[in-house]
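Student: Sharing a structure here in structure tokens format.
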Amino acid sequence: MAEELFEQVWTEKYRPQLLNDVVGQTEIVSRLQSFVENKTLQNLLFAGPAGTGKTTCAIAIARELFGDNWRGNFLELNASDERGIDVVRVKVKDFARTRPIGNVPYKIIYLDESDALTREAQQALRRTMEDYTATCRFILACNYNSKIIDPIKSRCAFFRFLPVAQEDVKARLQMIGEKESVAISDDGMEALLEVSGGDLRQAINLLQATASTVKQINAEAVYKVAAKARPQDIEECVQKAFDGKFEEARSQLDGVMIKQGLSGEDVVRQMHQCVLKMELPQEKLVTLLDKIGEYNFRIIEGADARIQVVALLAQIYAIGKEK
Ligand SMILES: Nc1ncnc2c1ncn2[C@@H]1O[C@H](COP(=O)(O)OP(=O)(O)OP(=O)(O)O)[C@@H](O)[C@H]1O
Ligand SMILES: [Mg+2]
């Protein structure tokens, strides 16, 4: 068992091969299936959070359209990895120049992280898409479709991927647990769901990583492996600050952050979840959520995370004090 863990990554081992095996995303899957049935693929734009099935669906389409030859007719590029749009264009050109393998009308180019391209680069991409309409279909994937320019949007059929629903993540983890003979306790499952928040890749990775440290997956082991604070730890800090015990809250939070090596972003995200559960009067809840949004933004924009986290704690203290 232990040796096997090193051999294969479960996310790949359990990546659905066909559209029908994709978990959740039912509407998307049925629309994509009708493309495949009619063999009339348009350019597609996939938007949605990480680990929800975008790449999986693209590969499944290729498999279903091209059969065993799919690899020869499918090119996967990453817009942010490659050194800019020029590299992308050269690779696209090289790939698109030759005829598709087998009796199929076109090849598929999957471009991940398209939203990392600048507007100019997207304009260039748009022209490339036009140049090769005869031989290629593009599937563009991104996390935020708001960063994609309109001329590209209007050339693609749009699909919004949602975070995978908790019961679907749960069923998938249970299935994998059974196949890999890993027992998952109830609190372990809850922790896996809580940490991964609809990102199925993260959930499976976390399951595998935790399985290599303990026999039975439990909450404590999951949080340790995820290097995340247990929700109770953060809850306690927030509650203390809110109740006027600022110094205590601050030193506890410091401890949690250092001991568990948490990023400021992680902490703020967990504070957000915990505040939602606190059953506060509406006024205070609204003010708090607004502050959390603001500090989240500051950290993402590059402000010193430790300073911002403490400042947010100070805000929670102040809001708690207000009558
Ligand atoms: N909807 C899903 N159904 C079944 N498995 C999934 C699904 N989404 C993700 N997975 C699992 O997670 C792994 C990663 O998924 P995938 O590569 O499709 O994510 P993605 O949406 O492309 O994410 P990213 O935005 O990070 O590229 C898959 O190999 C699979 O094991
Ligand atoms: Mg992907």
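We name chains A, B, ... following the order of the structure tokens; residues begin at 1 in each chain, and ligands are numbered from 1 as shown.
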List as a PyMOL selection string the protein and nucleic acid residues near stretch 205-218 of chain A, meaning an atom at most 10 Å away when only C-alpha atoms are counted, but skip any in the same chain fewer than 2 places from it.
Tutor: chain A and resi 1-3+5-6+9-11+173+176-177+180-192+195-196+200-203+220-226
Student: Emit the selected residues as a JSON list (two decimals), in the first residue's frame, including N, CA and C atoms.
Tutor:
[["chain", "number", "residue", "atom", "x", "y", "z"],
["A", 1, "MET", "N", 0.83, -1.21, 0.00],
["A", 1, "MET", "CA", 0.00, 0.00, 0.00],
["A", 1, "MET", "C", 0.87, 1.26, 0.00],
["A", 2, "ALA", "N", 1.80, 1.31, 1.00],
["A", 2, "ALA", "CA", 2.61, 2.53, 1.12],
["A", 2, "ALA", "C", 3.44, 2.77, -0.14],
["A", 3, "GLU", "N", 3.95, 1.69, -0.73],
["A", 3, "GLU", "CA", 4.75, 1.87, -1.94],
["A", 3, "GLU", "C", 3.92, 2.42, -3.09],
["A", 5, "LEU", "N", 1.56, 4.38, -3.00],
["A", 5, "LEU", "CA", 1.27, 5.81, -2.88],
["A", 5, "LEU", "C", 2.24, 6.64, -3.69],
["A", 6, "PHE", "N", 3.48, 6.19, -3.76],
["A", 6, "PHE", "CA", 4.47, 6.98, -4.47],
["A", 6, "PHE", "C", 4.37, 6.77, -5.98],
["A", 9, "VAL", "N", -0.29, 9.21, -8.85],
["A", 9, "VAL", "CA", -1.03, 10.30, -8.25],
["A", 9, "VAL", "C", -2.52, 10.01, -8.43],
["A", 10, "TRP", "N", -3.24, 10.03, -7.34],
["A", 10, "TRP", "CA", -4.65, 9.63, -7.43],
["A", 10, "TRP", "C", -5.48, 10.54, -8.32],
["A", 11, "THR", "N", -5.13, 11.84, -8.35],
["A", 11, "THR", "CA", -5.94, 12.73, -9.20],
["A", 11, "THR", "C", -5.87, 12.27, -10.66],
["A", 173, "LEU", "N", -14.63, 10.87, -2.94],
["A", 173, "LEU", "CA", -13.60, 10.51, -1.96],
["A", 173, "LEU", "C", -13.88, 9.13, -1.37],
["A", 176, "ILE", "N", -12.85, 6.53, -3.90],
["A", 176, "ILE", "CA", -11.39, 6.37, -3.96],
["A", 176, "ILE", "C", -10.88, 5.69, -2.69],
["A", 177, "GLY", "N", -11.45, 6.10, -1.55],
["A", 177, "GLY", "CA", -11.05, 5.48, -0.28],
["A", 177, "GLY", "C", -11.26, 3.97, -0.31],
["A", 180, "GLU", "N", -8.72, 2.28, -2.64],
["A", 180, "GLU", "CA", -7.35, 2.32, -2.14],
["A", 180, "GLU", "C", -7.24, 1.75, -0.73],
["A", 181, "SER", "N", -8.35, 1.19, -0.23],
["A", 181, "SER", "CA", -8.40, 0.66, 1.15],
["A", 181, "SER", "C", -7.93, 1.68, 2.18],
["A", 182, "VAL", "N", -8.50, 2.86, 2.11],
["A", 182, "VAL", "CA", -8.22, 3.88, 3.11],
["A", 182, "VAL", "C", -9.51, 4.20, 3.84],
["A", 183, "ALA", "N", -9.51, 4.06, 5.15],
["A", 183, "ALA", "CA", -10.72, 4.36, 5.93],
["A", 183, "ALA", "C", -10.76, 5.85, 6.22],
["A", 184, "ILE", "N", -11.94, 6.43, 6.10],
["A", 184, "ILE", "CA", -12.10, 7.87, 6.36],
["A", 184, "ILE", "C", -13.14, 8.04, 7.46],
["A", 185, "SER", "N", -12.76, 8.62, 8.59],
["A", 185, "SER", "CA", -13.73, 8.85, 9.66],
["A", 185, "SER", "C", -14.66, 10.00, 9.26],
["A", 186, "ASP", "N", -15.78, 10.12, 9.99],
["A", 186, "ASP", "CA", -16.73, 11.19, 9.66],
["A", 186, "ASP", "C", -16.10, 12.57, 9.79],
["A", 187, "ASP", "N", -15.36, 12.79, 10.88],
["A", 187, "ASP", "CA", -14.76, 14.12, 11.02],
["A", 187, "ASP", "C", -13.63, 14.33, 10.01],
["A", 188, "GLY", "N", -12.99, 13.22, 9.61],
["A", 188, "GLY", "CA", -11.97, 13.31, 8.57],
["A", 188, "GLY", "C", -12.57, 13.77, 7.26],
["A", 189, "MET", "N", -13.73, 13.18, 6.93],
["A", 189, "MET", "CA", -14.42, 13.55, 5.70],
["A", 189, "MET", "C", -14.84, 15.02, 5.74],
["A", 190, "GLU", "N", -15.36, 15.43, 6.91],
["A", 190, "GLU", "CA", -15.78, 16.82, 7.04],
["A", 190, "GLU", "C", -14.60, 17.77, 6.83],
["A", 191, "ALA", "N", -13.47, 17.40, 7.40],
["A", 191, "ALA", "CA", -12.27, 18.24, 7.26],
["A", 191, "ALA", "C", -11.83, 18.31, 5.79],
["A", 192, "LEU", "N", -11.87, 17.17, 5.11],
["A", 192, "LEU", "CA", -11.49, 17.15, 3.69],
["A", 192, "LEU", "C", -12.39, 18.09, 2.89],
["A", 195, "VAL", "N", -11.68, 21.92, 3.92],
["A", 195, "VAL", "CA", -10.43, 22.48, 3.41],
["A", 195, "VAL", "C", -10.48, 22.68, 1.90],
["A", 196, "SER", "N", -11.08, 21.70, 1.20],
["A", 196, "SER", "CA", -10.98, 21.75, -0.26],
["A", 196, "SER", "C", -12.03, 22.66, -0.90],
["A", 200, "LEU", "N", -12.04, 19.63, -6.30],
["A", 200, "LEU", "CA", -11.94, 18.17, -6.19],
["A", 200, "LEU", "C", -10.49, 17.70, -6.29],
["A", 201, "ARG", "N", -9.69, 18.42, -7.08],
["A", 201, "ARG", "CA", -8.27, 18.04, -7.15],
["A", 201, "ARG", "C", -7.64, 18.15, -5.77],
["A", 202, "GLN", "N", -7.90, 19.28, -5.10],
["A", 202, "GLN", "CA", -7.31, 19.47, -3.78],
["A", 202, "GLN", "C", -7.80, 18.42, -2.80],
["A", 203, "ALA", "N", -9.09, 18.09, -2.89],
["A", 203, "ALA", "CA", -9.66, 17.09, -1.98],
["A", 203, "ALA", "C", -8.96, 15.74, -2.16],
["A", 220, "GLU", "N", -7.82, 15.75, 12.52],
["A", 220, "GLU", "CA", -6.54, 16.31, 12.96],
["A", 220, "GLU", "C", -5.45, 16.09, 11.91],
["A", 221, "ALA", "N", -5.40, 14.86, 11.39],
["A", 221, "ALA", "CA", -4.38, 14.55, 10.39],
["A", 221, "ALA", "C", -4.58, 15.38, 9.13],
["A", 222, "VAL", "N", -5.83, 15.55, 8.74],
["A", 222, "VAL", "CA", -6.11, 16.33, 7.52],
["A", 222, "VAL", "C", -5.63, 17.77, 7.68],
["A", 223, "TYR", "N", -5.97, 18.39, 8.80],
["A", 223, "TYR", "CA", -5.57, 19.79, 8.99],
["A", 223, "TYR", "C", -4.07, 19.93, 9.08],
["A", 224, "LYS", "N", -3.42, 18.93, 9.68],
["A", 224, "LYS", "CA", -1.98, 18.97, 9.78],
["A", 224, "LYS", "C", -1.34, 18.91, 8.39],
["A", 225, "VAL", "N", -1.81, 17.96, 7.60],
["A", 225, "VAL", "CA", -1.25, 17.81, 6.25],
["A", 225, "VAL", "C", -1.55, 19.05, 5.40],
["A", 226, "ALA", "N", -2.75, 19.59, 5.58],
["A", 226, "ALA", "CA", -3.15, 20.74, 4.76],
["A", 226, "ALA", "C", -2.47, 22.02, 5.23]]
Student: Can you pull out every residue within 7 Å of A:Phe74, counting only C-alpha atoms, but drop anything in the same chain fewer than 3 positions away, and send it as number ranges by chain?
Tutor: A: 62, 70-71, 107-109
Student: Would you return as an MDAnalysis selection string the members of stretch 63-204 of chain A that DSSP assigns to strand (DSSP E or B) on this structure's backbone?
Tutor: chainID A and resid 74:78 107:112 136:142 157:160 183:184
Student: Which residues are near ligand 2 in this structure, taking near to mean any atom at most 10 Å from a ligand atom and counting only C-alpha atoms and all ligand atoms? Format them as a list of chain:residue names.
Tutor: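 Those residues are A:Phe46, A:Gly48, A:Pro49, A:Ala50, A:Gly51, A:Thr52, A:Gly53, A:Lys54, A:Thr55, A:Thr56, A:Cys57, A:Ala58, A:Glu76, A:Asn78, A:Tyr110, A:Leu111, A:Asp112, A:Glu113, A:Ala141, A:Cys142, A:Asn143, A:Arg201.
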Student: Figure out the distance between atom CA of A:Ile316 and atom CA of A:Glu247, please, to one decimal in Å.
Tutor: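 These atoms are spaced 12.5 Å apart.
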Student: Neighbouring residues of A:Gly72 were defined as those with any atom within 12 Å, considering only C-alpha atoms; residues of the same chain fewer than 5 positions away were excluded. Please report them as a VMD selection string.
Tutor: chain A and resid 62 to 63 66 to 67 95 to 96 98 to 102 104 106 to 109
Student: Next, dump the selected residues to file, keeping only N, CA and C atoms, as a compact mmCIF listing (two decimals), in the first residue's frame.
Tutor:
# COMPACT_ATOMS: atom_id res chain seq x y z
N ALA A 62 -11.78 15.22 -26.39
CA ALA A 62 -10.80 14.75 -27.38
C ALA A 62 -10.86 13.22 -27.50
N ARG A 63 -10.92 12.55 -26.36
CA ARG A 63 -11.00 11.08 -26.38
C ARG A 63 -12.24 10.62 -27.13
N PHE A 66 -11.88 11.66 -30.98
CA PHE A 66 -10.76 11.13 -31.75
C PHE A 66 -10.41 9.69 -31.44
N GLY A 67 -11.00 9.12 -30.41
CA GLY A 67 -10.67 7.74 -30.04
C GLY A 67 -9.21 7.61 -29.65
N PHE A 95 1.62 23.05 -34.65
CA PHE A 95 0.65 21.98 -34.42
C PHE A 95 -0.47 22.02 -35.45
N ALA A 96 -0.90 23.25 -35.77
CA ALA A 96 -2.06 23.42 -36.65
C ALA A 96 -1.72 23.20 -38.13
N THR A 98 -0.04 20.81 -39.64
CA THR A 98 -0.21 19.46 -40.18
C THR A 98 -1.65 19.00 -40.04
N ARG A 99 -2.03 18.08 -40.95
CA ARG A 99 -3.42 17.63 -40.94
C ARG A 99 -3.71 16.79 -39.70
N PRO A 100 -4.97 16.80 -39.28
CA PRO A 100 -5.32 15.93 -38.15
C PRO A 100 -5.04 14.47 -38.48
N ILE A 101 -4.72 13.71 -37.44
CA ILE A 101 -4.44 12.29 -37.64
C ILE A 101 -5.77 11.53 -37.65
N GLY A 102 -5.92 10.61 -38.61
CA GLY A 102 -7.17 9.85 -38.69
C GLY A 102 -8.22 10.63 -39.44
N VAL A 104 -10.62 12.73 -39.06
CA VAL A 104 -11.34 13.74 -38.29
C VAL A 104 -11.12 15.10 -38.92
N TYR A 106 -10.72 18.16 -37.57
CA TYR A 106 -9.89 19.19 -36.93
C TYR A 106 -9.17 18.63 -35.72
N LYS A 107 -8.23 19.44 -35.21
CA LYS A 107 -7.53 19.13 -33.97
C LYS A 107 -8.05 20.07 -32.88
N ILE A 108 -7.68 19.75 -31.65
CA ILE A 108 -8.10 20.61 -30.54
C ILE A 108 -6.87 21.19 -29.84
N ILE A 109 -6.92 22.51 -29.61
CA ILE A 109 -5.87 23.16 -28.82
C ILE A 109 -6.49 23.65 -27.52
Student: Can you pull out every residue within 8 Å of A:Val275, counting only C-alpha atoms, but drop anything in the same chain fewer than 2 positions away, and send it as a compact mmCIF listing (two decimals) with N, CA and C atoms, in the first residue's frame?
Tutor:
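Final file, result30.txt:
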# COMPACT_ATOMS: atom_id res chain seq x y z
N GLU A 235 -11.61 30.23 14.89
CA GLU A 235 -12.85 30.65 15.54
C GLU A 235 -12.58 31.25 16.91
N VAL A 238 -11.04 34.74 16.59
CA VAL A 238 -12.04 35.73 16.18
C VAL A 238 -12.96 36.05 17.36
N MET A 271 -11.28 33.09 8.43
CA MET A 271 -12.04 34.04 9.26
C MET A 271 -13.39 34.31 8.62
N HIS A 272 -13.38 34.43 7.32
CA HIS A 272 -14.62 34.68 6.58
C HIS A 272 -15.63 33.57 6.86
N GLN A 273 -15.17 32.32 6.73
CA GLN A 273 -16.08 31.20 6.97
C GLN A 273 -16.57 31.17 8.40
N LYS A 277 -20.57 31.78 10.39
CA LYS A 277 -21.21 30.82 11.29
C LYS A 277 -21.53 31.40 12.66
N MET A 278 -21.10 32.65 12.91
CA MET A 278 -21.17 33.17 14.28
C MET A 278 -22.54 33.64 14.76
N GLU A 279 -23.52 33.68 13.89
CA GLU A 279 -24.86 34.15 14.28
C GLU A 279 -24.82 35.52 14.94
N LEU A 285 -22.56 41.77 11.34
CA LEU A 285 -22.14 40.80 10.33
C LEU A 285 -21.74 41.52 9.04
N LEU A 288 -18.51 43.43 9.40
CA LEU A 288 -17.38 42.49 9.45
C LEU A 288 -17.04 41.93 8.08
N LEU A 289 -18.07 41.50 7.36
CA LEU A 289 -17.84 40.90 6.04
C LEU A 289 -17.18 41.91 5.10
Student: Which residue out of A:Lys179, A:Arg160, A:Arg250, A:Arg269 has the minimum interatomic distance to A:Gln25 when only C-alpha atoms are used?
Tutor: A:Arg160
Student: Tell me which protein, DNA and RNA residues are within 12 Å of stretch 280-284 of chain A, counting only C-alpha atoms, leaving out same-chain ones fewer than 4 positions away, and put them as a PyMOL selection string.
Tutor: chain A and resi 239+242+274-276+288-291+315-323
Student: Just write the chosen residues, N, CA and C atoms, as a PDB file, in the first residue's frame.
Tutor:
ATOM      1  N   GLN A 239     -13.410  34.998  18.017  1.00  0.00           N
ATOM      2  CA  GLN A 239     -14.344  35.189  19.132  1.00  0.00           C
ATOM      3  C   GLN A 239     -13.701  36.020  20.237  1.00  0.00           C
ATOM      4  N   PHE A 242     -13.460  39.592  19.254  1.00  0.00           N
ATOM      5  CA  PHE A 242     -14.811  40.156  19.253  1.00  0.00           C
ATOM      6  C   PHE A 242     -15.283  40.444  20.679  1.00  0.00           C
ATOM      7  N   CYS A 274     -15.695  31.515   9.317  1.00  0.00           N
ATOM      8  CA  CYS A 274     -16.091  31.406  10.719  1.00  0.00           C
ATOM      9  C   CYS A 274     -17.058  32.529  11.113  1.00  0.00           C
ATOM     10  N   VAL A 275     -16.851  33.719  10.560  1.00  0.00           N
ATOM     11  CA  VAL A 275     -17.765  34.829  10.870  1.00  0.00           C
ATOM     12  C   VAL A 275     -19.185  34.509  10.375  1.00  0.00           C
ATOM     13  N   LEU A 276     -19.248  33.851   9.214  1.00  0.00           N
ATOM     14  CA  LEU A 276     -20.566  33.490   8.678  1.00  0.00           C
ATOM     15  C   LEU A 276     -21.322  32.549   9.611  1.00  0.00           C
ATOM     16  N   LEU A 288     -18.509  43.429   9.399  1.00  0.00           N
ATOM     17  CA  LEU A 288     -17.381  42.495   9.448  1.00  0.00           C
ATOM     18  C   LEU A 288     -17.040  41.926   8.076  1.00  0.00           C
ATOM     19  N   LEU A 289     -18.070  41.501   7.357  1.00  0.00           N
ATOM     20  CA  LEU A 289     -17.836  40.901   6.035  1.00  0.00           C
ATOM     21  C   LEU A 289     -17.183  41.912   5.102  1.00  0.00           C
ATOM     22  N   ASP A 290     -17.642  43.156   5.234  1.00  0.00           N
ATOM     23  CA  ASP A 290     -17.075  44.221   4.416  1.00  0.00           C
ATOM     24  C   ASP A 290     -15.583  44.385   4.716  1.00  0.00           C
ATOM     25  N   LYS A 291     -15.233  44.394   5.997  1.00  0.00           N
ATOM     26  CA  LYS A 291     -13.824  44.527   6.405  1.00  0.00           C
ATOM     27  C   LYS A 291     -13.004  43.347   5.895  1.00  0.00           C
ATOM     28  N   GLN A 315      -9.843  45.282  13.771  1.00  0.00           N
ATOM     29  CA  GLN A 315     -11.163  45.705  13.282  1.00  0.00           C
ATOM     30  C   GLN A 315     -12.270  44.869  13.927  1.00  0.00           C
ATOM     31  N   ILE A 316     -12.006  43.573  14.030  1.00  0.00           N
ATOM     32  CA  ILE A 316     -13.005  42.690  14.645  1.00  0.00           C
ATOM     33  C   ILE A 316     -13.234  43.109  16.096  1.00  0.00           C
ATOM     34  N   TYR A 317     -12.141  43.452  16.781  1.00  0.00           N
ATOM     35  CA  TYR A 317     -12.230  43.944  18.169  1.00  0.00           C
ATOM     36  C   TYR A 317     -13.101  45.197  18.233  1.00  0.00           C
ATOM     37  N   ALA A 318     -12.817  46.131  17.331  1.00  0.00           N
ATOM     38  CA  ALA A 318     -13.547  47.402  17.338  1.00  0.00           C
ATOM     39  C   ALA A 318     -15.039  47.188  17.054  1.00  0.00           C
ATOM     40  N   ILE A 319     -15.326  46.309  16.101  1.00  0.00           N
ATOM     41  CA  ILE A 319     -16.735  46.053  15.759  1.00  0.00           C
ATOM     42  C   ILE A 319     -17.439  45.348  16.911  1.00  0.00           C
ATOM     43  N   GLY A 320     -16.708  44.471  17.595  1.00  0.00           N
ATOM     44  CA  GLY A 320     -17.272  43.789  18.761  1.00  0.00           C
ATOM     45  C   GLY A 320     -17.637  44.768  19.863  1.00  0.00           C
ATOM     46  N   LYS A 321     -16.812  45.813  20.018  1.00  0.00           N
ATOM     47  CA  LYS A 321     -17.018  46.801  21.095  1.00  0.00           C
ATOM     48  C   LYS A 321     -18.217  47.714  20.848  1.00  0.00           C
ATOM     49  N   GLU A 322     -18.462  47.984  19.553  1.00  0.00           N
ATOM     50  CA  GLU A 322     -19.541  48.925  19.213  1.00  0.00           C
ATOM     51  C   GLU A 322     -20.845  48.474  19.839  1.00  0.00           C
ATOM     52  N   LYS A 323     -21.571  49.421  20.350  1.00  0.00           N
ATOM     53  CA  LYS A 323     -22.868  49.045  20.954  1.00  0.00           C
ATOM     54  C   LYS A 323     -23.943  49.026  19.885  1.00  0.00           C
TER      55      LYS A 323
END
Student: Can you tell me, as a PyMOL selection string, which residues in stretch 18-261 of chain A count as helix (DSSP H, G or I) by DSSP?
Tutor: chain A and resi 19-21+26-38+54-73+84-97+114-116+119-131+145-147+150-153+166-179+186-196+200-211+219-225+231-242+246-260
Student: Rounded to one decimal in Å, what is the spacing between atom CA of A:Asn43 and atom CA of A:Leu140?
Tutor: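 Atom-to-atom, atom CA of A:Asn43 to atom CA of A:Leu140, that is 8.0 Å.
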Student: Find the residue from A:Thr40, A:Gln270, A:Ser263, A:Thr287 that sits nearest to A:Asp304; use only C-alpha atoms when measuring.
Tutor: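 Among A:Thr40, A:Gln270, A:Ser263, A:Thr287, it is A:Ser263 that comes nearest to A:Asp304.
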Student: Find, counting only C-alpha atoms, the residue in A:Ala157, A:Leu125, A:Phe138, A:Ile61 that gets nearest to A:Leu75.
Tutor: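 The closest residue to A:Leu75 is A:Phe138.
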Student: For A:Ala124, which residue out of A:Arg97, A:Ile85, A:Val268, A:Pro151 is the nearest one, using only C-alpha atoms?
Tutor: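 Closest residue, counting only C-alpha atoms: A:Ile85.
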Student: Just to confirm, what's the straight-line distance from atom 23 (O, counted along the ligand's line) of ligand 1 to atom CA of A:Asp115 in Å (one decimal)?
Tutor: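 Between atom 23 (O, counted along the ligand's line) of ligand 1 and atom CA of A:Asp115 the gap works out to 13.3 Å.
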